[in-house]
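Here is upload08.txt, consisting of compact mmCIF, C-alpha atoms and all ligand atoms:
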```txt
# COMPACT_ATOMS: atom_id res chain seq x y z
CA MET U 288 9.43 -15.19 -9.45
CA ILE U 289 7.63 -11.95 -8.70
CA GLY U 290 7.67 -9.28 -11.41
CA VAL U 291 7.74 -5.72 -10.08
CA LEU U 292 6.56 -2.99 -12.44
CA ALA U 293 9.51 -0.59 -12.57
CA LEU U 294 8.36 2.24 -14.85
CA GLN U 295 8.14 4.91 -12.12
CA GLY U 296 7.67 5.24 -8.38
CA GLY U 297 8.65 3.09 -5.41
CA PHE U 298 9.53 -0.25 -7.00
CA ILE U 299 12.97 -0.63 -5.35
CA GLU U 300 11.39 -0.74 -1.89
CA HIS U 301 9.18 -3.67 -2.98
CA ILE U 302 12.21 -5.51 -4.38
CA ASN U 303 14.09 -4.89 -1.11
CA THR U 304 11.14 -6.23 0.88
CA LEU U 305 10.97 -9.36 -1.30
CA ASN U 306 14.75 -9.81 -0.87
CA LYS U 307 14.32 -9.73 2.90
CA LEU U 308 11.78 -12.52 2.53
CA GLY U 309 14.15 -14.51 0.30
CA ILE U 310 11.85 -14.20 -2.72
CA ASP U 311 13.31 -13.77 -6.21
CA SER U 312 12.00 -10.85 -8.20
CA PHE U 313 12.71 -8.96 -11.40
CA GLU U 314 11.99 -5.47 -12.72
CA ILE U 315 9.49 -4.99 -15.53
CA ARG U 316 10.49 -2.00 -17.66
CA LYS U 317 9.94 -3.21 -21.21
CA LEU U 318 8.22 -6.00 -23.10
CA SER U 319 11.32 -8.20 -23.33
CA ASP U 320 11.51 -8.31 -19.51
CA LEU U 321 8.45 -10.58 -19.60
CA GLU U 322 10.07 -13.14 -21.90
CA ASN U 323 11.13 -16.56 -20.62
CA LYS U 324 10.04 -15.88 -17.08
CA GLN U 325 8.08 -18.03 -14.70
CA ILE U 326 5.85 -15.27 -13.28
CA ASP U 327 4.22 -16.29 -10.00
CA GLY U 328 2.96 -12.82 -9.16
CA LEU U 329 3.10 -9.12 -10.00
CA ILE U 330 3.53 -6.00 -7.89
CA LEU U 331 2.34 -2.58 -9.08
CA PRO U 332 4.07 0.02 -6.87
CA GLY U 333 3.12 3.48 -5.68
CA GLY U 334 4.06 6.54 -7.68
CA GLU U 335 1.94 8.68 -9.94
CA SER U 336 -0.82 6.61 -11.50
CA THR U 337 -1.25 8.93 -14.51
CA VAL U 338 2.48 8.68 -15.30
CA ILE U 339 2.61 4.91 -14.83
CA GLY U 340 -0.56 4.55 -16.93
CA LYS U 341 0.97 6.58 -19.76
CA LEU U 342 4.24 4.63 -19.64
CA LEU U 343 2.33 1.32 -19.64
CA ARG U 344 0.79 2.33 -22.97
CA GLU U 345 4.01 3.72 -24.45
CA THR U 346 6.06 0.61 -23.62
CA GLY U 347 3.37 -1.79 -24.89
CA LEU U 348 3.30 -3.41 -21.44
CA PHE U 349 -0.35 -2.57 -20.77
CA ALA U 350 -1.93 -5.37 -22.86
CA PRO U 351 0.28 -8.30 -21.74
CA ILE U 352 0.02 -7.29 -18.08
CA LYS U 353 -3.77 -6.93 -18.35
CA GLU U 354 -3.90 -10.38 -19.94
CA MET U 355 -1.87 -11.85 -17.07
CA ILE U 356 -4.08 -10.24 -14.43
CA ASP U 357 -7.29 -11.31 -16.23
CA SER U 358 -5.98 -14.88 -16.51
CA GLY U 359 -5.51 -15.05 -12.72
CA VAL U 360 -1.85 -14.19 -12.08
CA PRO U 361 -1.69 -12.83 -8.49
CA VAL U 362 -1.18 -9.07 -8.36
CA PHE U 363 -0.55 -6.68 -5.48
CA GLY U 364 -1.09 -2.94 -6.08
CA THR U 365 0.00 -0.35 -3.53
CA CYS U 366 -1.32 3.22 -3.69
CA ALA U 367 -0.95 4.24 -7.36
CA GLY U 368 -0.93 0.48 -8.06
CA MET U 369 -4.37 0.26 -6.44
CA ILE U 370 -5.61 3.10 -8.67
CA LEU U 371 -4.37 1.17 -11.72
CA LEU U 372 -6.28 -1.96 -10.65
CA ALA U 373 -9.63 -0.35 -9.71
CA ASN U 374 -12.78 -0.74 -11.81
CA LYS U 375 -13.68 2.91 -11.25
CA LEU U 376 -12.12 6.16 -10.02
CA GLU U 377 -14.32 8.63 -8.20
CA ASN U 378 -12.58 11.83 -9.27
CA ASP U 379 -10.99 10.80 -12.56
CA PRO U 380 -12.56 9.37 -15.75
CA SER U 381 -9.61 6.99 -16.32
CA VAL U 382 -9.82 3.22 -15.91
CA TYR U 383 -6.69 1.14 -16.32
CA PHE U 384 -6.70 -2.63 -15.59
CA GLY U 385 -10.25 -2.71 -14.14
CA ALA U 386 -9.41 -5.84 -12.17
CA ILE U 387 -11.14 -5.30 -8.82
CA ASP U 388 -14.72 -4.17 -8.27
CA ILE U 389 -13.97 -1.08 -6.19
CA THR U 390 -14.34 2.66 -6.65
CA VAL U 391 -11.20 4.53 -5.63
CA LYS U 392 -10.85 8.18 -4.73
CA ARG U 393 -7.43 9.62 -5.59
CA ASN U 394 -5.57 11.87 -3.13
CA ALA U 395 -8.49 11.15 -0.87
CA PHE U 396 -7.28 12.07 2.60
CA GLY U 397 -7.01 15.75 1.71
CA ARG U 398 -4.22 18.28 2.05
CA GLN U 399 -3.91 18.25 5.83
CA LEU U 400 -3.52 14.51 5.87
CA GLY U 401 -1.40 14.37 2.72
CA SER U 402 0.99 11.96 4.38
CA PHE U 403 0.57 10.16 7.68
CA HIS U 404 1.50 7.07 9.57
CA THR U 405 -0.80 4.90 11.66
CA VAL U 406 -1.35 1.36 12.89
CA GLU U 407 -4.54 -0.49 12.04
CA GLU U 408 -5.94 -4.01 12.15
CA PHE U 409 -5.54 -6.01 8.95
CA GLN U 410 -7.82 -9.03 8.46
CA SER U 411 -6.08 -12.28 9.46
CA ILE U 412 -2.74 -10.49 10.08
CA GLY U 413 -3.43 -8.27 13.12
CA SER U 414 -1.86 -4.85 13.75
CA VAL U 415 -0.03 -3.46 10.73
CA PRO U 416 1.94 -0.18 10.57
CA MET U 417 0.68 1.88 7.63
CA THR U 418 2.35 4.77 5.82
CA PHE U 419 0.09 6.86 3.56
CA ILE U 420 1.45 9.30 0.97
CA ARG U 421 -1.12 11.39 -0.92
CA ALA U 422 -3.06 8.19 -0.72
CA PRO U 423 -6.25 7.05 -2.37
CA TYR U 424 -8.95 5.16 -0.47
CA ILE U 425 -11.70 2.81 -1.49
CA SER U 426 -15.02 4.67 -1.42
CA GLU U 427 -17.12 1.72 -2.62
CA ALA U 428 -16.60 -2.02 -2.84
CA SER U 429 -18.99 -4.59 -4.29
CA ASP U 430 -20.04 -7.79 -2.47
CA VAL U 431 -17.41 -9.87 -4.24
CA VAL U 432 -14.65 -7.80 -2.65
CA GLU U 433 -13.17 -8.80 0.71
CA ILE U 434 -12.45 -5.75 2.89
CA LEU U 435 -9.15 -6.27 4.72
CA ALA U 436 -8.45 -2.99 6.55
CA ALA U 437 -9.83 0.47 7.23
CA SER U 438 -8.39 3.71 8.61
CA LYS U 439 -10.27 6.83 9.70
CA GLY U 440 -13.48 5.13 8.55
CA ASN U 441 -12.24 4.50 5.02
CA ILE U 442 -11.34 1.20 3.38
CA VAL U 443 -7.59 0.99 2.78
CA ALA U 444 -7.03 -2.66 1.86
CA ALA U 445 -9.10 -5.16 -0.11
CA ARG U 446 -8.93 -8.31 -2.14
CA GLN U 447 -10.88 -9.92 -4.95
CA ARG U 448 -9.60 -13.36 -6.03
CA ASN U 449 -6.06 -12.82 -7.39
CA VAL U 450 -6.05 -9.06 -6.83
CA LEU U 451 -4.82 -7.47 -3.57
CA VAL U 452 -4.74 -3.69 -3.09
CA THR U 453 -3.62 -1.33 -0.32
CA SER U 454 -3.88 2.46 -0.09
CA PHE U 455 -0.79 2.48 2.11
CA HIS U 456 2.83 1.50 1.50
CA PRO U 457 3.82 -1.65 3.42
CA GLU U 458 7.16 -1.58 1.55
CA LEU U 459 8.14 1.62 3.43
CA THR U 460 7.63 0.50 7.03
CA GLY U 461 10.02 -2.44 7.35
CA ASP U 462 7.03 -4.59 8.34
CA LEU U 463 6.95 -7.67 6.13
CA SER U 464 3.50 -8.98 7.05
CA VAL U 465 1.46 -7.65 4.12
CA HIS U 466 3.98 -8.94 1.56
CA LYS U 467 3.95 -12.28 3.41
CA TYR U 468 0.13 -12.26 3.20
CA PHE U 469 0.33 -11.61 -0.56
CA LEU U 470 2.84 -14.42 -1.06
CA SER U 471 1.04 -16.99 1.09
CA GLN U 472 -2.66 -16.11 0.69
CA VAL U 473 -2.77 -14.77 -2.86
CA CYS U 474 0.23 -16.44 -4.56
CA GLY U 475 -0.12 -19.66 -2.56
CA LYS U 476 3.59 -19.81 -1.73
CA THR U 477 4.40 -21.50 1.55
N1 LIG U 501 -1.62 10.32 -5.59
C1 LIG U 501 -0.97 9.35 -6.41
C2 LIG U 501 -1.78 9.03 -7.66
O1 LIG U 501 -2.88 9.48 -7.80
C3 LIG U 501 -0.73 8.06 -5.65
C4 LIG U 501 0.23 8.35 -4.51
C5 LIG U 501 1.18 7.22 -4.24
O2 LIG U 501 1.26 6.21 -4.96
N2 LIG U 501 1.97 7.41 -3.22
O3 LIG U 501 -1.27 8.34 -8.52
```
Translate this structure into structure tokens?
Ligand code: GLN
Amino acid sequence: MIGVLALQGGFIEHINTLNKLGIDSFEIRKLSDLENKQIDGLILPGGESTVIGKLLRETGLFAPIKEMIDSGVPVFGTCAGMILLANKLENDPSVYFGAIDITVKRNAFGRQLGSFHTVEEFQSIGSVPMTFIRAPYISEASDVVEILAASKGNIVAARQRNVLVTSFHPELTGDLSVHKYFLSQVCGKT
């Protein structure tokens, strides 16, 4: 089963996408939600990373989720979820899970481009529709990180081992390909 962090932000859209793919999921809101579950993967949705970060601490979910990620459980972070997984933020001193060796710039596309939609090539998938909402991008990635997509000259999708991140929201476009990629390539589900 895939656990979807459901403290704030766009978690329902991820659950709907997984439903369309016939994949069981459950919402993670409190510690007891993690009990007696076979967790094959985690999704950290978009939203407001500072709010999700604060709620992770308040609910006590931060430590067990960090432990899962560090032990190799597959995790997919979109937008704010990517911010939570990054090793470093360019314009913010916070570090949350520190699970992928990238530097992320928050709200990086600027005011004019606050929200936009585009189509870009995604490594091993092909053309993928991408919706960005006050999105971050990856300003630096170390050699151990696989770059999967770029838009307007900036990296917007990457992977390191069990950790997949996108600046954009594949759960909002109706396109299932990035979730399929996560399930097959990162979770190893066929
Ligand atoms: N700007 C938000 C943040 O910094 C992320 C935006 C999103 O997840 N749509 O948390």
| message | Please identify all protein, DNA and RNA residues within 7 Å of ligand LIG 501 (chain U), counting all atoms listed in the file, and report them as a PyMOL selection string. | response | chain U and resi 333-337+365-368+370+393-394+420-423
| request: Would you mind telling me which residue in U:Gln472, U:Gln447, U:Ser414, U:Thr304 lies nearest to Ala428 in chain U when using only C-alpha atoms? | output: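 For Ala428 in chain U, the nearest of the given residues is U:Gln447.
Near Phe419 in chain U, within 8 Å and counting only C-alpha atoms, sit Gly401, Ser402, Phe403, His404, Ser454, Phe455 and His456 of chain U, not including residues fewer than 6 positions from it in the same chain.
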| request: Measuring atom to atom with all atoms listed in the file, identify which of U:Arg446, U:His301, U:His466, U:Lys375 is nearest to Ile434 in chain U. | output: U:Arg446
| Computed interatomic separation between CA of Val338 in chain U and CA of Tyr468 in chain U (Å) |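 Between CA of Val338 in chain U and CA of Tyr468 in chain U the gap is 28.0 Å.
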| query | In Å, how far is it from CA of Phe384 in chain U to CA of Thr405 in chain U? | reply |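 A separation of 28.9 Å between them.
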| With distances taken over all atoms listed in the file, which of U:Asp388, U:Pro416, U:Leu329, U:Gln295 is nearest to Leu343 in chain U? |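 With all atoms listed in the file as the atom set, the closest residue is U:Gln295.
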Take every atom of range 381-391 of chain U listed in the file, pad by 5 Å on each side, and give me the axis-aligned box centre and edge lengths in Å, one decimal, as AutoDock Vina command-line options.
```
--center_x -10.7 --center_y 0.6 --center_z -11.0 --size_x 18.0 --size_y 22.8 --size_z 20.7
```
| Which polymer residues have any atom within 10 Å of an atom of Phe469 in chain U, counting all atoms listed in the file, with same-chain residues fewer than 6 positions away left out, as a list in words? |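 What passes the distance filter is Gly328, Ile330, Pro361, Val362, Phe363, Arg446, Asn449, Val450, Leu451, Val452, Gly475 and Lys476 of chain U.
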| If you measure from CA of Lys317 in chain U to CA of Asn303 in chain U, what distance in Å do you get, rounded to one decimal? |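 Result for CA of Lys317 in chain U versus CA of Asn303 in chain U: 20.6 Å, one decimal.
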| note | Ser471 in chain U proximity check over U:Ile302, U:Ala437, U:Leu308, U:Val406, using all atoms listed in the file: winner is U:Leu308
| field | Top pick for closest residue to Gln410 in chain U, considering U:Ile315, U:Val431, U:Cys474, U:Ile442 and counting all atoms listed in the file | value |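 Residue with the minimum atom-to-atom distance to Gln410 in chain U: U:Ile442.
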| Which residue of U:Leu470, U:Lys439, U:Ser312, U:Ile387 approaches Lys324 in chain U most closely, using only C-alpha atoms | U:Ser312
Spatial neighbours of Glu314 in chain U, 7 Å, all atoms listed in the file, chain gap at least 5 places, as a PDB file with C-alpha atoms, in the coordinates of the input:
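Now in selection.pdb:
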```pdb
ATOM      1  CA  GLY U 290       7.670  -9.280 -11.410  1.00  0.00           C
ATOM      2  CA  VAL U 291       7.740  -5.720 -10.080  1.00  0.00           C
ATOM      3  CA  LEU U 292       6.560  -2.990 -12.440  1.00  0.00           C
ATOM      4  CA  ALA U 293       9.510  -0.590 -12.570  1.00  0.00           C
TER       5      ALA U 293
END
```
